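Shown here: target-v3.csv, CSV, C-alpha atoms.
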```csv
chain,number,residue,atom,x,y,z
R,1,MET,CA,95.8,65.0,-12.9
R,2,THR,CA,92.4,66.5,-12.7
R,3,THR,CA,89.7,65.2,-15.1
R,4,ALA,CA,86.3,66.8,-15.5
R,5,GLU,CA,85.0,63.4,-16.8
R,6,ASN,CA,85.3,62.1,-13.2
R,7,VAL,CA,82.8,64.6,-11.9
R,8,SER,CA,79.2,63.3,-11.8
R,9,ALA,CA,75.7,63.6,-10.5
R,10,GLY,CA,74.0,60.4,-9.2
R,11,LYS,CA,70.8,59.6,-11.0
R,12,PRO,CA,68.5,56.7,-10.1
R,13,LYS,CA,68.7,53.6,-12.3
R,14,ILE,CA,65.6,53.5,-14.5
R,15,GLY,CA,63.1,50.9,-13.2
R,16,GLY,CA,64.0,51.4,-9.6
R,17,ALA,CA,67.0,52.5,-7.5
R,18,ILE,CA,66.5,51.1,-4.0
R,19,TYR,CA,65.9,47.5,-3.3
R,20,THR,CA,65.4,45.6,0.0
R,21,ALA,CA,65.7,41.9,1.0
R,22,PRO,CA,66.0,39.9,4.2
R,23,VAL,CA,69.5,39.8,5.8
R,24,GLY,CA,71.2,36.7,4.5
R,25,THR,CA,70.0,37.1,0.9
R,26,VAL,CA,72.9,36.6,-1.6
R,27,LEU,CA,74.4,40.0,-2.2
R,28,PRO,CA,75.8,41.3,-5.5
R,29,THR,CA,79.6,41.8,-5.6
R,30,ASN,CA,79.8,44.2,-8.5
R,31,ALA,CA,77.8,47.1,-10.1
R,32,THR,CA,76.1,45.1,-12.8
R,33,GLU,CA,75.2,41.5,-11.7
R,34,ALA,CA,71.5,40.7,-11.5
R,35,LEU,CA,70.0,41.0,-8.0
R,36,ASP,CA,68.7,37.9,-6.2
R,37,GLU,CA,65.0,37.6,-6.8
R,38,ALA,CA,64.4,38.2,-3.0
R,39,PHE,CA,65.2,41.9,-3.5
R,40,GLN,CA,62.1,44.0,-4.0
R,41,SER,CA,62.0,47.6,-5.3
R,42,LEU,CA,61.0,50.4,-2.9
R,43,GLY,CA,59.7,52.4,-5.9
R,44,TYR,CA,60.2,56.1,-6.4
R,45,VAL,CA,62.3,58.2,-4.1
R,46,SER,CA,61.8,62.0,-3.7
R,47,GLU,CA,63.8,64.4,-5.8
R,48,ASP,CA,66.0,65.0,-2.8
R,49,GLY,CA,67.7,61.7,-3.7
R,50,LEU,CA,69.9,59.8,-1.3
R,51,THR,CA,72.1,61.1,1.5
R,52,ASN,CA,75.0,59.0,3.0
R,53,GLY,CA,75.9,60.3,6.4
R,54,THR,CA,79.1,59.6,8.3
R,55,GLU,CA,79.4,60.6,11.9
R,56,MET,CA,82.8,60.1,13.6
R,57,GLU,CA,83.5,60.4,17.3
R,58,THR,CA,87.2,61.2,17.9
R,59,GLU,CA,89.3,62.2,20.9
R,60,LYS,CA,92.2,64.6,20.4
R,61,VAL,CA,95.4,64.1,22.5
R,62,LYS,CA,97.2,67.3,23.1
R,63,ALA,CA,100.8,67.8,24.1
R,64,TRP,CA,102.1,70.3,26.6
R,65,GLY,CA,101.8,73.6,24.8
R,66,GLY,CA,98.5,72.8,23.0
R,67,ASP,CA,99.6,71.0,19.9
R,68,THR,CA,97.3,68.1,18.8
R,69,VAL,CA,99.6,65.1,18.5
R,70,LEU,CA,97.2,62.3,18.1
R,71,VAL,CA,93.6,61.8,17.0
R,72,ILE,CA,91.9,58.6,18.2
R,73,GLN,CA,88.8,57.4,16.4
R,74,LYS,CA,86.3,56.1,19.0
R,75,SER,CA,83.4,55.3,16.7
R,76,LYS,CA,82.1,55.8,13.2
R,77,ASP,CA,78.4,55.7,12.2
R,78,ASP,CA,77.3,55.0,8.6
R,79,THR,CA,73.7,56.1,7.7
R,80,PHE,CA,71.6,56.5,4.6
R,81,LYS,CA,68.5,58.7,4.3
R,82,TYR,CA,65.9,58.9,1.6
R,83,VAL,CA,62.2,59.7,1.2
R,84,LEU,CA,60.1,56.9,-0.2
R,85,ILE,CA,57.1,58.4,-2.0
R,86,GLU,CA,55.1,55.3,-3.2
R,87,VAL,CA,52.9,55.4,-0.2
R,88,LYS,CA,50.4,52.9,-1.7
R,89,ASN,CA,53.2,50.3,-2.4
R,90,LYS,CA,52.8,47.3,-0.1
R,91,THR,CA,56.6,46.7,-0.1
R,92,VAL,CA,57.3,50.2,1.0
R,93,LEU,CA,54.7,49.9,3.8
R,94,GLY,CA,56.2,46.6,4.9
R,95,TYR,CA,59.7,48.1,4.9
R,96,VAL,CA,58.6,51.1,7.1
R,97,TYR,CA,56.1,49.3,9.4
R,98,GLY,CA,57.3,45.7,9.3
R,99,GLU,CA,56.0,43.1,6.9
R,100,ASP,CA,54.0,41.4,9.7
R,101,ASN,CA,52.1,44.7,10.2
R,102,VAL,CA,50.9,45.0,6.6
R,103,SER,CA,48.2,42.8,5.0
R,104,GLY,CA,45.9,42.8,2.0
R,105,ASP,CA,46.3,44.5,-1.3
R,106,LEU,CA,45.1,47.7,-3.0
R,107,ALA,CA,42.2,46.0,-4.7
R,108,THR,CA,40.7,44.6,-1.5
R,109,GLY,CA,42.2,47.0,0.9
R,110,ILE,CA,45.5,47.3,2.7
R,111,THR,CA,45.6,47.3,6.5
R,112,VAL,CA,48.7,48.8,8.3
R,113,LYS,CA,49.1,48.1,12.0
R,114,VAL,CA,51.2,50.8,13.7
R,115,ASN,CA,52.8,49.5,16.9
R,116,ASN,CA,56.0,49.2,18.9
R,117,LYS,CA,57.1,45.9,17.3
R,118,ASP,CA,60.7,45.7,16.2
R,119,VAL,CA,61.2,46.1,12.4
R,120,PRO,CA,63.9,43.6,11.4
R,121,GLU,CA,67.2,44.4,9.9
R,122,GLN,CA,67.3,44.4,6.1
R,123,SER,CA,69.8,44.2,3.3
R,124,VAL,CA,69.6,47.2,0.9
R,125,VAL,CA,71.0,47.7,-2.6
R,126,ILE,CA,71.0,51.1,-4.3
R,127,ASP,CA,71.6,51.4,-8.0
R,128,MET,CA,72.4,54.6,-9.9
R,129,ILE,CA,73.8,55.9,-13.1
R,130,LEU,CA,76.7,58.3,-13.1
R,131,ARG,CA,78.0,60.5,-15.9
R,132,ASN,CA,78.8,58.9,-19.2
R,133,ASN,CA,76.8,55.7,-18.6
R,134,THR,CA,78.7,54.5,-15.5
R,135,ALA,CA,76.9,52.2,-13.1
R,136,LYS,CA,77.3,52.8,-9.3
R,137,ARG,CA,75.9,50.3,-6.8
R,138,ILE,CA,75.9,50.6,-3.0
R,139,VAL,CA,75.4,47.4,-1.2
R,140,ILE,CA,74.4,47.5,2.5
R,141,PRO,CA,74.6,44.0,3.9
R,142,SER,CA,72.6,44.9,7.1
R,143,CYS,CA,70.8,48.0,8.2
R,144,LYS,CA,67.9,48.9,10.4
R,145,ILE,CA,65.5,51.8,10.2
R,146,SER,CA,66.5,54.2,13.0
R,147,GLU,CA,64.2,57.1,12.2
R,148,VAL,CA,61.1,57.9,10.2
R,149,ASP,CA,60.4,61.6,9.7
R,150,ASP,CA,57.0,63.1,10.5
R,151,ILE,CA,54.5,62.1,7.8
R,152,VAL,CA,52.9,65.3,6.4
R,153,TYR,CA,49.6,65.2,4.6
R,154,SER,CA,49.0,68.4,2.7
R,155,ASP,CA,47.7,69.9,-0.5
R,156,ASP,CA,51.1,71.2,-1.5
R,157,ASP,CA,53.4,68.2,-1.5
R,158,SER,CA,53.5,64.4,-1.9
R,159,ILE,CA,53.2,62.1,1.1
R,160,GLY,CA,56.5,60.4,1.9
R,161,TYR,CA,58.3,58.2,4.4
R,162,GLY,CA,61.6,60.1,5.2
R,163,THR,CA,63.6,57.0,6.3
R,164,THR,CA,67.0,56.9,7.9
R,165,VAL,CA,68.8,53.6,8.2
R,166,ASP,CA,71.8,52.8,10.4
R,167,CYS,CA,74.3,50.3,8.8
R,168,THR,CA,75.7,47.6,10.9
R,169,PRO,CA,79.1,45.9,10.2
R,170,ASP,CA,79.2,42.6,8.4
R,171,ALA,CA,81.6,39.7,9.1
R,172,GLU,CA,84.4,41.7,7.5
R,173,SER,CA,83.6,44.8,9.6
R,174,ASN,CA,82.3,46.7,6.5
R,175,THR,CA,79.1,48.7,6.8
R,176,HIS,CA,78.6,49.1,3.1
R,177,TYR,CA,80.3,48.5,-0.3
R,178,GLU,CA,80.4,50.7,-3.4
R,179,TYR,CA,80.9,49.3,-6.9
R,180,ILE,CA,81.5,51.5,-9.9
R,181,GLN,CA,81.7,50.2,-13.5
R,182,GLN,CA,81.7,51.8,-16.9
R,183,LEU,CA,78.9,50.3,-19.0
R,184,ALA,CA,79.0,49.8,-22.7
R,185,SER,CA,78.0,52.9,-24.6
R,186,PRO,CA,74.4,52.9,-25.7
R,187,SER,CA,74.1,52.2,-29.4
R,188,ALA,CA,73.2,55.2,-31.6
```

Step by step, read the file and then write its structure as structure tokens.
Amino acid sequence: MTTAENVSAGKPKIGGAIYTAPVGTVLPTNATEALDEAFQSLGYVSEDGLTNGTEMETEKVKAWGGDTVLVIQKSKDDTFKYVLIEVKNKTVLGYVYGEDNVSGDLATGITVKVNNKDVPEQSVVIDMILRNNTAKRIVIPSCKISEVDDIVYSDDDSIGYGTTVDCTPDAESNTHYEYIQQLASPSA
């Protein structure tokens, strides 16, 4: 049976939607439990929101005569892309450039060293609110930044770090988890 109530947009949770912590931090196992205090907010994300990409490599086996009789999955990549727009946020800068490459604070001055040092894998949690006060949480146990888009400085748009992360499988071979839970209706 089709139900229009199951159709939704994904809006960020108020107070922050994307959080990062070192791999090994205790991860949430549902849509509502409090995050470990090691998780830090990456602040505002651009209005383009979040994109979860899936790229599969398959091989088709054909029978004599041309019919496809078997499709073999050779690989499957799981990625997330978002644009972080809090460019003065030290947590964002450390996420993009590596914490060891960012020092200071806004009051005394932040220094960012841009180099070829490896940025470590991170755990990421993404919280959003779906239609009719339903929580959705995506938990990525381990991911690594694989791409940062060109950073454009212009009069016409905000500066942002267009970030793509590649998810790596955990001990159970899962690249991410999704939890969805209806919340109590807000009181009138």

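Comparing the minimum interatomic distances between Gly160 of chain R and each of R:Asn89, R:Ser146, R:Gln182, R:Thr20, counting only C-alpha atoms, we find that R:Asn89 sits nearest.
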
Requested in this report: List the neighbours of Pro169 of chain R out to 9 Å using all atoms listed in the file; skip same-chain residues closer than 5 positions along the sequence, and give me the result as number ranges by chain.
Outcome: R: 141-143, 174-176

Query raised in the report: Can you tell me, as a PyMOL selection string, what residues are no more than 7 Å from segment 95-105 of chain R when counting all atoms listed in the file, ignoring any on the same chain fewer than 6 positions away?
Result: chain R and resi 111-114+119

**Report entry** Selected residue, from R:Thr163, R:Thr25, R:Thr168, R:Gln40, that lies nearest to Ile85 of chain R when counting only C-alpha atoms
**Finding:**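 The closest residue to Ile85 of chain R is R:Thr163.
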
Query raised in the report: So, counting only C-alpha atoms, which residue among R:Ile138, R:Leu42, R:Val61, R:Ile180 is closest to Val87 of chain R?
Result: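 Looking at the shortest contact to Val87 of chain R, the residue is R:Leu42.
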
Query raised in the report: Given the choices R:Val83, R:Val71, R:Gln181, R:Ala17, which gets closest to Asp150 of chain R if the distance is worked out from all atoms listed in the file?
Result: R:Val83

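Closest approach to Val45 of chain R from the set R:Thr79, R:Thr3, R:Ser173, R:Ser158 is made by R:Ser158, with distances taken over all atoms listed in the file.
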
Report summary line: Atom pair atom CA of Ala184 of chain R + atom CA of Ala38 of chain R, distance 27.1 Å

Query raised in the report: What is the atom CA of Leu183 of chain R-atom CA of Asn133 of chain R distance in Å, reported with one decimal?
Result: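 Between atom CA of Leu183 of chain R and atom CA of Asn133 of chain R the gap works out to 5.8 Å.
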
Requested in this report: Would you mind listing what lies within 10 Å of Glu178 of chain R as a list in words, with all atoms listed in the file counted and same-chain residues fewer than 2 positions away left out?
Outcome: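 Skipping anything fewer than 2 positions along the chain leaves Thr29, Asn30, Ala31, Val125, Ile126, Asp127, Lys136, Arg137, Ile138, Val139, Ile140, His176 and Ile180 of chain R.
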
Query raised in the report: For Leu70 of chain R, which residue among R:Asn116, R:Gln122, R:Thr58, R:Asp166 is the nearest when counting only C-alpha atoms?
Result: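 Answer, going by the shortest atom-to-atom distance: R:Thr58.
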
Query raised in the report: How many Å lie between atom CA of Ile18 of chain R and atom CA of Thr51 of chain R, rounded to one decimal?
Result: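 Interatomic distance, atom CA of Ile18 of chain R to atom CA of Thr51 of chain R: 12.7 Å.
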
Keeping just N, CA, C and O atoms, export segment 128-140 of chain R of this structure as a PDB file, in the first residue's frame.
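Once written, part.pdb looks like this:
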```
ATOM      1  N   MET R 128      19.251  14.286  11.037  1.00  0.00           N
ATOM      2  CA  MET R 128      18.265  15.094  10.322  1.00  0.00           C
ATOM      3  C   MET R 128      16.864  14.780  10.829  1.00  0.00           C
ATOM      4  O   MET R 128      16.663  13.797  11.530  1.00  0.00           O
ATOM      5  N   ILE R 129      15.954  15.653  10.459  1.00  0.00           N
ATOM      6  CA  ILE R 129      14.555  15.478  10.833  1.00  0.00           C
ATOM      7  C   ILE R 129      13.757  15.299   9.545  1.00  0.00           C
ATOM      8  O   ILE R 129      13.841  16.112   8.616  1.00  0.00           O
ATOM      9  N   LEU R 130      13.000  14.210   9.503  1.00  0.00           N
ATOM     10  CA  LEU R 130      12.133  13.922   8.368  1.00  0.00           C
ATOM     11  C   LEU R 130      10.725  14.424   8.664  1.00  0.00           C
ATOM     12  O   LEU R 130      10.444  14.910   9.765  1.00  0.00           O
ATOM     13  N   ARG R 131       9.844  14.267   7.720  1.00  0.00           N
ATOM     14  CA  ARG R 131       8.446  14.700   7.840  1.00  0.00           C
ATOM     15  C   ARG R 131       7.803  14.143   9.113  1.00  0.00           C
ATOM     16  O   ARG R 131       8.095  13.042   9.538  1.00  0.00           O
ATOM     17  N   ASN R 132       6.919  14.910   9.690  1.00  0.00           N
ATOM     18  CA  ASN R 132       6.139  14.531  10.873  1.00  0.00           C
ATOM     19  C   ASN R 132       7.012  14.162  12.074  1.00  0.00           C
ATOM     20  O   ASN R 132       6.750  13.194  12.771  1.00  0.00           O
ATOM     21  N   ASN R 133       8.056  14.974  12.283  1.00  0.00           N
ATOM     22  CA  ASN R 133       8.893  14.857  13.478  1.00  0.00           C
ATOM     23  C   ASN R 133       9.510  13.457  13.640  1.00  0.00           C
ATOM     24  O   ASN R 133       9.444  12.842  14.693  1.00  0.00           O
ATOM     25  N   THR R 134      10.117  12.981  12.560  1.00  0.00           N
ATOM     26  CA  THR R 134      10.800  11.689  12.568  1.00  0.00           C
ATOM     27  C   THR R 134      12.305  11.937  12.474  1.00  0.00           C
ATOM     28  O   THR R 134      12.764  12.658  11.593  1.00  0.00           O
ATOM     29  N   ALA R 135      13.053  11.337  13.389  1.00  0.00           N
ATOM     30  CA  ALA R 135      14.513  11.491  13.394  1.00  0.00           C
ATOM     31  C   ALA R 135      15.148  10.466  12.463  1.00  0.00           C
ATOM     32  O   ALA R 135      14.732   9.311  12.430  1.00  0.00           O
ATOM     33  N   LYS R 136      16.150  10.911  11.725  1.00  0.00           N
ATOM     34  CA  LYS R 136      16.966  10.001  10.920  1.00  0.00           C
ATOM     35  C   LYS R 136      18.416  10.293  11.260  1.00  0.00           C
ATOM     36  O   LYS R 136      18.851  11.442  11.286  1.00  0.00           O
ATOM     37  N   ARG R 137      19.159   9.241  11.538  1.00  0.00           N
ATOM     38  CA  ARG R 137      20.577   9.377  11.878  1.00  0.00           C
ATOM     39  C   ARG R 137      21.374   8.428  10.987  1.00  0.00           C
ATOM     40  O   ARG R 137      21.048   7.251  10.866  1.00  0.00           O
ATOM     41  N   ILE R 138      22.418   8.959  10.369  1.00  0.00           N
ATOM     42  CA  ILE R 138      23.359   8.164   9.594  1.00  0.00           C
ATOM     43  C   ILE R 138      24.645   8.100  10.401  1.00  0.00           C
ATOM     44  O   ILE R 138      25.166   9.135  10.819  1.00  0.00           O
ATOM     45  N   VAL R 139      25.135   6.897  10.627  1.00  0.00           N
ATOM     46  CA  VAL R 139      26.367   6.693  11.393  1.00  0.00           C
ATOM     47  C   VAL R 139      27.390   6.043  10.471  1.00  0.00           C
ATOM     48  O   VAL R 139      27.156   4.963   9.934  1.00  0.00           O
ATOM     49  N   ILE R 140      28.508   6.745  10.280  1.00  0.00           N
ATOM     50  CA  ILE R 140      29.610   6.250   9.459  1.00  0.00           C
ATOM     51  C   ILE R 140      30.750   5.899  10.416  1.00  0.00           C
ATOM     52  O   ILE R 140      31.398   6.796  10.953  1.00  0.00           O
TER      53      ILE R 140
END
```
